[in-house]
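Data from target_25.txt: compact mmCIF, C-alpha atoms and all ligand atoms
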# COMPACT_ATOMS: atom_id res chain seq x y z
CA MET H 18 44.00 -23.10 37.38
CA LYS H 19 41.27 -24.50 35.16
CA VAL H 20 37.95 -25.06 36.93
CA CYS H 21 34.61 -26.50 35.92
CA ILE H 22 31.44 -25.08 37.49
CA VAL H 23 28.53 -27.52 37.32
CA GLY H 24 25.27 -25.58 37.69
CA ALA H 25 26.92 -22.32 36.57
CA SER H 26 23.70 -20.50 35.60
CA GLY H 27 22.03 -20.59 39.04
CA LYS H 28 22.42 -17.83 41.64
CA LEU H 29 25.22 -19.60 43.49
CA GLY H 30 26.80 -20.69 40.21
CA ARG H 31 27.01 -17.20 38.75
CA TYR H 32 28.64 -15.84 41.91
CA MET H 33 31.18 -18.69 41.69
CA VAL H 34 31.90 -17.86 38.06
CA GLN H 35 32.62 -14.25 39.04
CA HIS H 36 34.90 -15.23 41.97
CA ALA H 37 36.77 -17.70 39.73
CA LEU H 38 37.27 -15.07 37.01
CA ASP H 39 38.43 -12.57 39.65
CA ARG H 40 41.19 -15.06 40.43
CA GLU H 41 41.96 -15.34 36.72
CA TYR H 42 41.00 -19.01 36.58
CA GLU H 43 40.00 -20.55 33.26
CA VAL H 44 36.30 -21.43 33.64
CA VAL H 45 34.16 -24.11 32.00
CA GLY H 46 30.47 -23.88 32.96
CA VAL H 47 27.78 -26.55 32.68
CA CYS H 48 24.13 -25.51 32.66
CA ARG H 49 20.82 -26.56 31.17
CA GLU H 50 20.33 -25.61 27.51
CA GLN H 51 17.47 -23.22 28.36
CA SER H 52 19.63 -21.39 30.90
CA VAL H 53 22.62 -20.52 28.72
CA GLY H 54 21.31 -16.94 28.35
CA LYS H 55 21.67 -16.42 32.12
CA LEU H 56 25.44 -16.49 31.54
CA ASP H 57 25.44 -13.73 28.89
CA ALA H 58 27.29 -11.38 31.25
CA PHE H 59 30.31 -13.71 31.00
CA LYS H 60 30.18 -14.12 27.18
CA GLY H 61 33.63 -14.65 25.69
CA ARG H 62 35.23 -15.10 29.11
CA ILE H 63 34.06 -18.64 29.91
CA THR H 64 33.38 -21.84 27.96
CA ILE H 65 29.81 -23.11 28.30
CA LEU H 66 28.74 -26.71 27.84
CA PRO H 67 24.93 -26.88 27.73
CA GLY H 68 23.26 -29.99 29.10
CA ALA H 69 21.70 -31.67 32.10
CA THR H 70 24.21 -31.80 34.94
CA ASN H 71 23.53 -35.52 35.43
CA ASP H 72 24.32 -36.26 31.77
CA ARG H 73 27.52 -38.29 32.20
CA GLU H 74 28.84 -37.47 28.73
CA VAL H 75 28.40 -33.71 29.29
CA ILE H 76 30.23 -33.95 32.63
CA ARG H 77 32.99 -36.13 31.15
CA ARG H 78 33.75 -33.46 28.53
CA ALA H 79 33.33 -30.55 30.94
CA VAL H 80 35.75 -31.74 33.64
CA GLU H 81 38.45 -32.85 31.22
CA GLY H 82 41.78 -31.25 32.18
CA CYS H 83 40.27 -29.36 35.14
CA ASP H 84 42.22 -28.89 38.38
CA GLY H 85 39.04 -28.22 40.31
CA VAL H 86 35.31 -28.86 39.96
CA LEU H 87 32.69 -26.79 41.80
CA THR H 88 29.31 -28.54 41.82
CA VAL H 89 25.97 -27.07 42.87
CA LEU H 90 24.12 -30.11 44.19
CA VAL H 91 20.39 -29.63 43.71
CA PRO H 92 17.76 -32.27 44.41
CA TRP H 93 15.50 -31.38 41.48
CA GLY H 94 12.92 -33.88 40.23
CA VAL H 95 12.81 -37.54 41.16
CA GLN H 96 15.31 -38.94 38.63
CA GLN H 97 18.38 -39.05 40.88
CA TYR H 98 19.53 -35.68 39.59
CA ALA H 99 21.84 -34.83 42.50
CA SER H 100 23.34 -38.31 42.91
CA GLY H 101 23.73 -38.68 39.12
CA THR H 102 25.56 -35.35 38.97
CA ALA H 103 27.82 -36.19 41.93
CA GLN H 104 28.62 -39.66 40.60
CA ALA H 105 29.57 -38.33 37.16
CA VAL H 106 31.90 -35.74 38.73
CA LEU H 107 33.49 -38.37 41.02
CA ASP H 108 33.96 -40.75 38.08
CA TYR H 109 35.32 -38.36 35.47
CA ALA H 110 37.30 -35.63 37.29
CA ARG H 111 41.01 -36.27 36.94
CA PRO H 112 42.67 -38.02 39.88
CA GLY H 113 43.92 -35.41 42.36
CA ALA H 114 41.48 -32.70 41.23
CA ARG H 115 39.83 -30.66 44.02
CA LEU H 116 36.10 -31.38 44.08
CA VAL H 117 33.87 -28.96 45.98
CA PHE H 118 30.12 -29.61 46.33
CA SER H 119 27.35 -27.41 47.78
CA CYS H 120 24.42 -28.49 49.92
CA GLY H 121 22.56 -27.37 53.04
CA TRP H 122 22.90 -27.92 56.80
CA HIS H 123 20.39 -30.79 56.62
CA ILE H 124 23.16 -33.06 55.28
CA THR H 125 25.08 -34.77 58.09
CA ARG H 126 28.34 -36.60 57.65
CA ASP H 127 28.78 -38.31 61.01
CA GLY H 128 25.38 -37.92 62.67
CA GLN H 129 26.89 -35.55 65.29
CA ASP H 130 24.99 -32.47 64.11
CA ALA H 131 22.48 -31.11 66.63
CA TYR H 132 19.40 -29.75 64.88
CA SER H 133 16.58 -27.77 66.44
CA ARG H 134 13.15 -29.44 66.40
CA THR H 135 11.86 -26.67 64.12
CA PHE H 136 14.65 -27.33 61.63
CA LEU H 137 13.98 -31.08 61.58
CA TRP H 138 10.26 -30.53 61.23
CA LEU H 139 10.76 -28.09 58.33
CA VAL H 140 13.13 -30.41 56.46
CA ALA H 141 10.75 -33.33 56.90
CA ALA H 142 7.67 -31.35 55.86
CA VAL H 143 9.26 -29.61 52.88
CA GLY H 144 10.97 -32.83 51.79
CA TRP H 145 7.74 -34.83 51.94
CA LEU H 146 5.63 -32.21 50.16
CA ALA H 147 8.20 -31.68 47.41
CA ARG H 148 8.60 -35.41 46.88
CA ILE H 149 4.91 -36.14 46.49
CA ALA H 150 4.70 -33.24 44.03
CA ARG H 151 7.63 -34.94 42.24
CA PHE H 152 9.39 -31.57 42.38
CA VAL H 153 12.38 -32.20 44.62
CA ASP H 154 13.85 -35.33 46.22
CA LEU H 155 15.88 -34.34 49.28
CA ASN H 156 16.79 -38.00 49.89
CA ASP H 157 18.67 -38.00 46.62
CA GLN H 158 20.84 -35.08 47.81
CA VAL H 159 21.57 -37.19 50.92
CA GLU H 160 22.50 -40.12 48.66
CA ALA H 161 24.74 -37.85 46.57
CA CYS H 162 26.60 -36.70 49.68
CA ASN H 163 26.95 -40.22 51.06
CA ARG H 164 28.66 -41.24 47.82
CA ILE H 165 30.99 -38.25 48.08
CA PHE H 166 31.81 -38.99 51.76
CA ALA H 167 32.67 -42.58 50.80
CA SER H 168 34.99 -41.55 47.97
CA ASP H 169 38.76 -41.27 48.30
CA THR H 170 38.93 -38.18 46.06
CA LYS H 171 39.95 -34.72 47.30
CA TRP H 172 36.39 -33.63 48.08
CA THR H 173 34.85 -30.91 50.25
CA VAL H 174 31.10 -30.71 50.90
CA VAL H 175 30.18 -27.14 51.86
CA ARG H 176 26.99 -27.05 53.93
CA GLY H 177 25.23 -23.70 53.59
CA SER H 178 23.07 -22.05 56.25
CA ASP H 179 19.95 -20.06 55.33
CA LEU H 180 20.97 -17.66 52.58
CA GLU H 181 20.40 -13.99 51.83
CA GLU H 182 21.40 -11.62 49.06
CA GLY H 183 23.60 -8.57 49.53
CA GLU H 184 27.17 -7.38 49.17
CA SER H 185 30.02 -9.55 50.33
CA ARG H 186 30.86 -9.49 54.02
CA GLY H 187 33.96 -11.68 53.62
CA LEU H 188 34.85 -15.34 53.85
CA PRO H 189 32.35 -17.24 56.06
CA VAL H 190 33.54 -19.09 59.16
CA TRP H 191 32.73 -22.74 59.67
CA SER H 192 32.36 -25.57 62.09
CA ARG H 193 32.19 -29.34 61.75
CA HIS H 194 28.80 -29.63 63.40
CA VAL H 195 25.50 -27.84 63.14
CA GLY H 196 24.51 -26.90 66.69
CA ASP H 197 27.93 -25.41 67.51
CA PRO H 198 27.46 -21.88 68.97
CA ILE H 199 29.43 -20.17 66.19
CA LEU H 200 26.72 -21.17 63.69
CA LYS H 201 23.73 -20.02 65.74
CA SER H 202 22.89 -17.01 63.52
CA ASN H 203 22.16 -19.39 60.59
CA ARG H 204 22.66 -16.74 57.91
CA THR H 205 25.18 -16.38 55.07
CA ARG H 206 25.21 -14.09 52.06
CA ARG H 207 24.96 -16.17 48.89
CA ILE H 208 27.92 -14.29 47.38
CA ASP H 209 30.03 -15.39 50.38
CA PHE H 210 28.83 -19.02 50.16
CA ALA H 211 30.22 -18.89 46.60
CA LEU H 212 33.43 -17.29 47.90
CA PHE H 213 33.90 -20.14 50.38
CA MET H 214 33.37 -22.71 47.60
CA VAL H 215 35.98 -21.08 45.33
CA ASP H 216 38.40 -20.50 48.22
CA ALA H 217 38.12 -24.19 49.20
CA LEU H 218 39.78 -25.12 45.88
CA THR H 219 43.10 -23.96 47.29
CA ASN H 220 42.56 -24.72 50.98
CA ASP H 221 43.93 -28.19 51.64
CA THR H 222 42.75 -28.14 55.26
CA LEU H 223 39.23 -28.59 53.86
CA ILE H 224 39.99 -31.81 51.98
CA GLN H 225 37.51 -34.51 53.06
CA GLU H 226 35.72 -32.07 55.37
CA ALA H 227 32.03 -31.09 55.38
CA PRO H 228 32.16 -27.56 56.82
CA ALA H 229 28.87 -26.00 57.94
CA ILE H 230 29.28 -22.30 57.23
CA VAL H 231 27.89 -19.02 58.57
CA GLY H 232 28.53 -15.35 57.67
CA CYS H 233 31.68 -14.03 59.36
CA GLN H 234 29.93 -10.84 60.51
CA THR H 235 26.81 -12.49 61.92
CA PRO H 236 26.25 -12.09 65.69
CA SER H 237 27.13 -15.72 66.50
CA ALA H 238 30.36 -15.60 64.47
CA VAL H 239 31.39 -12.27 66.01
CA ALA H 240 30.57 -13.46 69.55
CA HIS H 241 32.59 -16.62 68.99
CA THR H 242 35.61 -14.69 67.70
CA LYS H 243 35.43 -12.31 70.70
CA SER H 244 35.28 -15.15 73.21
CA ILE H 245 38.24 -16.89 71.55
CA ASP H 246 40.20 -13.61 71.50
CA ALA H 247 39.41 -13.12 75.19
CA GLN H 248 40.96 -16.51 75.85
CA GLY H 249 44.02 -15.41 73.85
CA GLY H 250 43.61 -18.13 71.23
CA GLN H 251 42.02 -18.89 67.93
CA SER H 252 39.43 -21.54 67.12
CA THR H 253 40.02 -24.22 64.50
CA ALA H 254 37.23 -22.84 62.40
CA SER H 255 38.32 -19.22 62.36
CA LYS H 256 41.97 -20.20 61.92
CA GLU H 257 41.21 -22.45 58.98
CA SER H 258 38.74 -20.04 57.40
CA ALA H 259 41.32 -17.30 57.53
CA SER H 260 43.91 -19.40 55.69
N1 LIG K 1 18.33 -21.66 49.02
C1 LIG K 1 18.77 -21.81 50.25
O1 LIG K 1 18.28 -21.18 51.20
C2 LIG K 1 19.92 -22.72 50.53
C3 LIG K 1 20.34 -22.88 51.85
C4 LIG K 1 21.43 -23.70 52.12
C5 LIG K 1 22.09 -24.33 51.09
N2 LIG K 1 21.66 -24.21 49.80
C6 LIG K 1 22.39 -24.91 48.75
O2 LIG K 1 22.89 -23.95 47.85
C7 LIG K 1 22.98 -24.49 46.56
C8 LIG K 1 22.36 -23.53 45.57
O3 LIG K 1 21.04 -23.32 45.95
P1 LIG K 1 20.27 -21.97 45.59
O4 LIG K 1 18.99 -22.04 46.35
O5 LIG K 1 21.16 -20.81 45.83
O6 LIG K 1 19.89 -22.13 44.10
P2 LIG K 1 20.59 -21.68 42.77
O7 LIG K 1 21.97 -21.21 42.99
O8 LIG K 1 19.70 -20.76 42.06
O9 LIG K 1 20.72 -23.05 42.00
C9 LIG K 1 19.68 -23.72 41.49
C10 LIG K 1 20.28 -24.66 40.45
O10 LIG K 1 19.31 -25.63 40.13
C11 LIG K 1 19.14 -25.69 38.73
N3 LIG K 1 17.77 -26.05 38.43
C12 LIG K 1 16.66 -25.33 38.63
N4 LIG K 1 15.57 -26.02 38.23
C13 LIG K 1 16.02 -27.21 37.77
C14 LIG K 1 15.41 -28.36 37.22
N5 LIG K 1 14.10 -28.46 37.09
N6 LIG K 1 16.20 -29.38 36.85
C15 LIG K 1 17.52 -29.31 36.99
N7 LIG K 1 18.18 -28.25 37.51
C16 LIG K 1 17.42 -27.21 37.89
C17 LIG K 1 19.47 -24.30 38.28
O11 LIG K 1 19.80 -24.35 36.94
P3 LIG K 1 19.15 -23.35 35.87
O12 LIG K 1 19.96 -22.11 35.91
O13 LIG K 1 19.28 -24.12 34.62
O14 LIG K 1 17.70 -23.10 36.27
C18 LIG K 1 20.65 -23.96 39.18
O15 LIG K 1 21.86 -24.49 38.68
C19 LIG K 1 22.35 -25.88 46.63
O16 LIG K 1 23.36 -26.84 46.74
C20 LIG K 1 21.54 -25.84 47.92
O17 LIG K 1 21.42 -27.12 48.51
C21 LIG K 1 20.60 -23.41 49.50
Could the structure of this file be written out as structure tokens, please?
Amino acid sequence: MKVCIVGASGKLGRYMVQHALDREYEVVGVCREQSVGKLDAFKGRITILPGATNDREVIRRAVEGCDGVLTVLVPWGVQQYASGTAQAVLDYARPGARLVFSCGWHITRDGQDAYSRTFLWLVAAVGWLARIARFVDLNDQVEACNRIFASDTKWTVVRGSDLEEGESRGLPVWSRHVGDPILKSNRTRRIDFALFMVDALTNDTLIQEAPAIVGCQTPSAVAHTKSIDAQGGQSTASKESAS
């Protein structure tokens, strides 16, 4: 499998590069010119295309011949960075390619997510402050995801919980809606977020899904698995995550 990783030099991106190499995939990475050095550990093992991720020509060349594209969607600046990146990937990836995008729980696909008041307040406050500082535009990440949701490509939008560093605990579990009890712990190791993204490339049950993920060993995930086991069954989320 040949995969392109857009945003390869970031923390999530570098974990994805490692997981993809572990699976012996051929990797093409896109990152900003000034960040190429962050990928030195992979020198000789991946192809790097330096450039802004919303540069359509860079993306066109990077995704050529790729079976899958992993995109770190980041709402940097106020020049439609996230939506420009997403649109270029949607436009230039070959038909039938698996397209997997990252974002946070604040993105909702169908409006059925149940957020706590604190969460909504934080997103609004951080979003407003960052936008007036012209630092980050969360609305543009929303726009990027709306374009993905409307596309008929083989997309998956992986919605990450709060993140932490540390060794892998295994493939996260997921649910369609924030607010579901399994997600209550709101914590995933970044290395496992990356694992879920790479695993999604070969998990067809995730096509046109927007899974909200949580660490598989967090208290809420463990409690959910126990209660399902007690009922002698398996939940959709844990069944699909295990596949
Ligand atoms: N952080 C969280 O708690 C959290 C929670 C849930 C979901 N997520 C999602 O996880 C994904 C990765 O987030 P992360 O926090 O882990 O960060 P990250 O992996 O370090 O990624 C940051 C990315 O943004 C790029 N970047 C930084 N400054 C930029 C700029 N001024 N212009 C353009 N690109 C710039 C970085 O590229 P360079 O290497 O070139 O700097 C890197 O590719 C995102 O999709 C985010 O929505 C994050």
Can you list, as a ChimeraX atom specification, every protein, DNA or RNA residue that comes within 6 Å of stretch 214-225 of chain H when you count all atoms listed in the file, leaving out same-chain residues fewer than 6 positions away? /H:115,171-173
Site check for ligand LIG 1 (chain K): residues at most 6 Å away, all atoms listed in the file, as a PyMOL selection string: chain H and resi 24-30+48-49+52+89-91+93+119-121+177-180
Can I get the selection written as a PDB file, in the coordinates of the input, with C-alpha atoms?
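Generated file (out.pdb):
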ATOM      1  CA  GLY H  24      25.270 -25.580  37.690  1.00  0.00           C
ATOM      2  CA  ALA H  25      26.920 -22.320  36.570  1.00  0.00           C
ATOM      3  CA  SER H  26      23.700 -20.500  35.600  1.00  0.00           C
ATOM      4  CA  GLY H  27      22.030 -20.590  39.040  1.00  0.00           C
ATOM      5  CA  LYS H  28      22.420 -17.830  41.640  1.00  0.00           C
ATOM      6  CA  LEU H  29      25.220 -19.600  43.490  1.00  0.00           C
ATOM      7  CA  GLY H  30      26.800 -20.690  40.210  1.00  0.00           C
ATOM      8  CA  CYS H  48      24.130 -25.510  32.660  1.00  0.00           C
ATOM      9  CA  ARG H  49      20.820 -26.560  31.170  1.00  0.00           C
ATOM     10  CA  SER H  52      19.630 -21.390  30.900  1.00  0.00           C
ATOM     11  CA  VAL H  89      25.970 -27.070  42.870  1.00  0.00           C
ATOM     12  CA  LEU H  90      24.120 -30.110  44.190  1.00  0.00           C
ATOM     13  CA  VAL H  91      20.390 -29.630  43.710  1.00  0.00           C
ATOM     14  CA  TRP H  93      15.500 -31.380  41.480  1.00  0.00           C
ATOM     15  CA  SER H 119      27.350 -27.410  47.780  1.00  0.00           C
ATOM     16  CA  CYS H 120      24.420 -28.490  49.920  1.00  0.00           C
ATOM     17  CA  GLY H 121      22.560 -27.370  53.040  1.00  0.00           C
ATOM     18  CA  GLY H 177      25.230 -23.700  53.590  1.00  0.00           C
ATOM     19  CA  SER H 178      23.070 -22.050  56.250  1.00  0.00           C
ATOM     20  CA  ASP H 179      19.950 -20.060  55.330  1.00  0.00           C
ATOM     21  CA  LEU H 180      20.970 -17.660  52.580  1.00  0.00           C
TER      22      LEU H 180
END
With only C-alpha atoms as the atoms that count, which of H:Ile63, H:Ile22, H:Val140, H:Val44 lies nearest to H:Thr102?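 Using only C-alpha atoms, H:Thr102 sits closest to H:Ile22.
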Mind running stretch 181-213 of chain H against stretch 242-245 of chain H at 12 Å and telling me each contacting residue's nearest atom pair with the distance in Å (one decimal), counting all atoms listed in the file, chain and number ascending, as a tab-separated table?
residue	atom	partner	partner_atom	distance
H:Val190	CA	H:Thr242	CA	9.8
H:Trp191	CA	H:Thr242	CA	11.7
H:Pro198	CA	H:Thr242	CA	10.9
H:Ile199	CA	H:Thr242	CA	8.4
H:Leu200	CA	H:Thr242	CA	11.7
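Residues with at least one atom no more than 8 Å from (39.8, -25.8, 39.2), using only C-alpha atoms, are Met18, Lys19, Val20, Cys21, Tyr42, Glu43, Val44, Cys83, Asp84, Gly85, Val86, Leu87, Ala114, Arg115 and Leu218 of chain H.
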So how many Å separate atom CA of H:Gly101 and atom CA of H:Gly144, to one decimal?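 Computing the Euclidean distance for atom CA of H:Gly101 and atom CA of H:Gly144 yields 18.9 Å.
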Would you please work out which residue, of H:Gly249, H:Gly94, H:Gly128, H:Gly187, is nearest to H:Val231 when using all atoms listed in the file?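 Counting all atoms listed in the file, the residue closest to H:Val231 is H:Gly187.
Relative to atom CA of H:Val195, atom CA of H:Tyr132 is found at 6.6 Å.
Taking atom CA of H:Asp72 and atom CA of H:Ala105 as endpoints, the distance between them is 7.8 Å.
Counting all atoms listed in the file, the residue from H:Pro92, H:Leu188, H:Ala110, H:Arg126 that sits nearest to H:Ala79 is H:Ala110.
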Find the residues near stretch 154-167 of chain H: any atom within 6 Å, counting all atoms listed in the file, skip ones fewer than 2 places away on the same chain, and give them as number ranges by chain. H: 92, 95, 97, 99-100, 103, 144, 148
Cut-off 12 Å around (23.5, -16.2, 53.1) with only C-alpha atoms: residues as a PyMOL selection string: chain H and resi 28-29+121+176-189+202-213+230-235
Take the residues that were just selected and, keeping C-alpha atoms, output them as a PDB file, in the coordinates of the input.
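What ended up in again.pdb:
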ATOM      1  CA  LYS H  28      22.420 -17.830  41.640  1.00  0.00           C
ATOM      2  CA  LEU H  29      25.220 -19.600  43.490  1.00  0.00           C
ATOM      3  CA  GLY H 121      22.560 -27.370  53.040  1.00  0.00           C
ATOM      4  CA  ARG H 176      26.990 -27.050  53.930  1.00  0.00           C
ATOM      5  CA  GLY H 177      25.230 -23.700  53.590  1.00  0.00           C
ATOM      6  CA  SER H 178      23.070 -22.050  56.250  1.00  0.00           C
ATOM      7  CA  ASP H 179      19.950 -20.060  55.330  1.00  0.00           C
ATOM      8  CA  LEU H 180      20.970 -17.660  52.580  1.00  0.00           C
ATOM      9  CA  GLU H 181      20.400 -13.990  51.830  1.00  0.00           C
ATOM     10  CA  GLU H 182      21.400 -11.620  49.060  1.00  0.00           C
ATOM     11  CA  GLY H 183      23.600  -8.570  49.530  1.00  0.00           C
ATOM     12  CA  GLU H 184      27.170  -7.380  49.170  1.00  0.00           C
ATOM     13  CA  SER H 185      30.020  -9.550  50.330  1.00  0.00           C
ATOM     14  CA  ARG H 186      30.860  -9.490  54.020  1.00  0.00           C
ATOM     15  CA  GLY H 187      33.960 -11.680  53.620  1.00  0.00           C
ATOM     16  CA  LEU H 188      34.850 -15.340  53.850  1.00  0.00           C
ATOM     17  CA  PRO H 189      32.350 -17.240  56.060  1.00  0.00           C
ATOM     18  CA  SER H 202      22.890 -17.010  63.520  1.00  0.00           C
ATOM     19  CA  ASN H 203      22.160 -19.390  60.590  1.00  0.00           C
ATOM     20  CA  ARG H 204      22.660 -16.740  57.910  1.00  0.00           C
ATOM     21  CA  THR H 205      25.180 -16.380  55.070  1.00  0.00           C
ATOM     22  CA  ARG H 206      25.210 -14.090  52.060  1.00  0.00           C
ATOM     23  CA  ARG H 207      24.960 -16.170  48.890  1.00  0.00           C
ATOM     24  CA  ILE H 208      27.920 -14.290  47.380  1.00  0.00           C
ATOM     25  CA  ASP H 209      30.030 -15.390  50.380  1.00  0.00           C
ATOM     26  CA  PHE H 210      28.830 -19.020  50.160  1.00  0.00           C
ATOM     27  CA  ALA H 211      30.220 -18.890  46.600  1.00  0.00           C
ATOM     28  CA  LEU H 212      33.430 -17.290  47.900  1.00  0.00           C
ATOM     29  CA  PHE H 213      33.900 -20.140  50.380  1.00  0.00           C
ATOM     30  CA  ILE H 230      29.280 -22.300  57.230  1.00  0.00           C
ATOM     31  CA  VAL H 231      27.890 -19.020  58.570  1.00  0.00           C
ATOM     32  CA  GLY H 232      28.530 -15.350  57.670  1.00  0.00           C
ATOM     33  CA  CYS H 233      31.680 -14.030  59.360  1.00  0.00           C
ATOM     34  CA  GLN H 234      29.930 -10.840  60.510  1.00  0.00           C
ATOM     35  CA  THR H 235      26.810 -12.490  61.920  1.00  0.00           C
TER      36      THR H 235
END
Residue with smallest distance to H:Val23 - pool H:Phe59, H:Val117, H:Gln35, H:Gly54, counting all atoms listed in the file: H:Val117
Is there a way to complete stretch 30-49 of chain H with N, CA and C atoms and then write that out as a PDB file, in the coordinates of the input?
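Listed below is the output, rebuild_29.pdb:
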ATOM      1  N   GLY H  30      25.882 -20.419  41.309  1.00  0.00           N
ATOM      2  CA  GLY H  30      26.800 -20.690  40.210  1.00  0.00           C
ATOM      3  C   GLY H  30      27.371 -19.418  39.613  1.00  0.00           C
ATOM      4  N   ARG H  31      26.507 -18.430  39.382  1.00  0.00           N
ATOM      5  CA  ARG H  31      27.010 -17.200  38.750  1.00  0.00           C
ATOM      6  C   ARG H  31      27.963 -16.440  39.674  1.00  0.00           C
ATOM      7  N   TYR H  32      27.668 -16.464  40.986  1.00  0.00           N
ATOM      8  CA  TYR H  32      28.640 -15.840  41.910  1.00  0.00           C
ATOM      9  C   TYR H  32      29.976 -16.598  41.855  1.00  0.00           C
ATOM     10  N   MET H  33      29.919 -17.919  41.739  1.00  0.00           N
ATOM     11  CA  MET H  33      31.180 -18.690  41.690  1.00  0.00           C
ATOM     12  C   MET H  33      31.955 -18.366  40.426  1.00  0.00           C
ATOM     13  N   VAL H  34      31.223 -18.218  39.305  1.00  0.00           N
ATOM     14  CA  VAL H  34      31.900 -17.860  38.060  1.00  0.00           C
ATOM     15  C   VAL H  34      32.664 -16.553  38.257  1.00  0.00           C
ATOM     16  N   GLN H  35      31.978 -15.558  38.860  1.00  0.00           N
ATOM     17  CA  GLN H  35      32.620 -14.250  39.040  1.00  0.00           C
ATOM     18  C   GLN H  35      33.859 -14.349  39.936  1.00  0.00           C
ATOM     19  N   HIS H  36      33.737 -15.092  41.063  1.00  0.00           N
ATOM     20  CA  HIS H  36      34.900 -15.230  41.970  1.00  0.00           C
ATOM     21  C   HIS H  36      36.050 -15.943  41.248  1.00  0.00           C
ATOM     22  N   ALA H  37      35.721 -16.950  40.433  1.00  0.00           N
ATOM     23  CA  ALA H  37      36.770 -17.700  39.730  1.00  0.00           C
ATOM     24  C   ALA H  37      37.461 -16.798  38.699  1.00  0.00           C
ATOM     25  N   LEU H  38      36.673 -15.985  37.990  1.00  0.00           N
ATOM     26  CA  LEU H  38      37.270 -15.070  37.010  1.00  0.00           C
ATOM     27  C   LEU H  38      38.117 -14.012  37.711  1.00  0.00           C
ATOM     28  N   ASP H  39      37.643 -13.554  38.884  1.00  0.00           N
ATOM     29  CA  ASP H  39      38.430 -12.570  39.650  1.00  0.00           C
ATOM     30  C   ASP H  39      39.817 -13.102  39.967  1.00  0.00           C
ATOM     31  N   ARG H  40      39.891 -14.431  40.129  1.00  0.00           N
ATOM     32  CA  ARG H  40      41.190 -15.060  40.430  1.00  0.00           C
ATOM     33  C   ARG H  40      41.936 -15.477  39.165  1.00  0.00           C
ATOM     34  N   GLU H  41      41.366 -15.055  38.036  1.00  0.00           N
ATOM     35  CA  GLU H  41      41.960 -15.340  36.720  1.00  0.00           C
ATOM     36  C   GLU H  41      42.046 -16.829  36.415  1.00  0.00           C
ATOM     37  N   TYR H  42      41.085 -17.592  36.926  1.00  0.00           N
ATOM     38  CA  TYR H  42      41.000 -19.010  36.580  1.00  0.00           C
ATOM     39  C   TYR H  42      40.344 -19.136  35.212  1.00  0.00           C
ATOM     40  N   GLU H  43      40.699 -20.211  34.504  1.00  0.00           N
ATOM     41  CA  GLU H  43      40.000 -20.550  33.260  1.00  0.00           C
ATOM     42  C   GLU H  43      38.734 -21.293  33.673  1.00  0.00           C
ATOM     43  N   VAL H  44      37.571 -20.879  33.150  1.00  0.00           N
ATOM     44  CA  VAL H  44      36.300 -21.430  33.640  1.00  0.00           C
ATOM     45  C   VAL H  44      35.520 -22.153  32.528  1.00  0.00           C
ATOM     46  N   VAL H  45      35.087 -23.370  32.857  1.00  0.00           N
ATOM     47  CA  VAL H  45      34.160 -24.110  32.000  1.00  0.00           C
ATOM     48  C   VAL H  45      32.864 -24.242  32.801  1.00  0.00           C
ATOM     49  N   GLY H  46      31.738 -23.809  32.224  1.00  0.00           N
ATOM     50  CA  GLY H  46      30.470 -23.880  32.960  1.00  0.00           C
ATOM     51  C   GLY H  46      29.518 -24.884  32.323  1.00  0.00           C
ATOM     52  N   VAL H  47      28.823 -25.637  33.179  1.00  0.00           N
ATOM     53  CA  VAL H  47      27.780 -26.550  32.680  1.00  0.00           C
ATOM     54  C   VAL H  47      26.444 -26.005  33.162  1.00  0.00           C
ATOM     55  N   CYS H  48      25.480 -25.889  32.233  1.00  0.00           N
ATOM     56  CA  CYS H  48      24.130 -25.510  32.660  1.00  0.00           C
ATOM     57  C   CYS H  48      23.126 -26.043  31.658  1.00  0.00           C
ATOM     58  N   ARG H  49      21.857 -26.063  32.075  1.00  0.00           N
ATOM     59  CA  ARG H  49      20.820 -26.560  31.170  1.00  0.00           C
ATOM     60  C   ARG H  49      20.743 -25.669  29.930  1.00  0.00           C
TER      61      ARG H  49
END
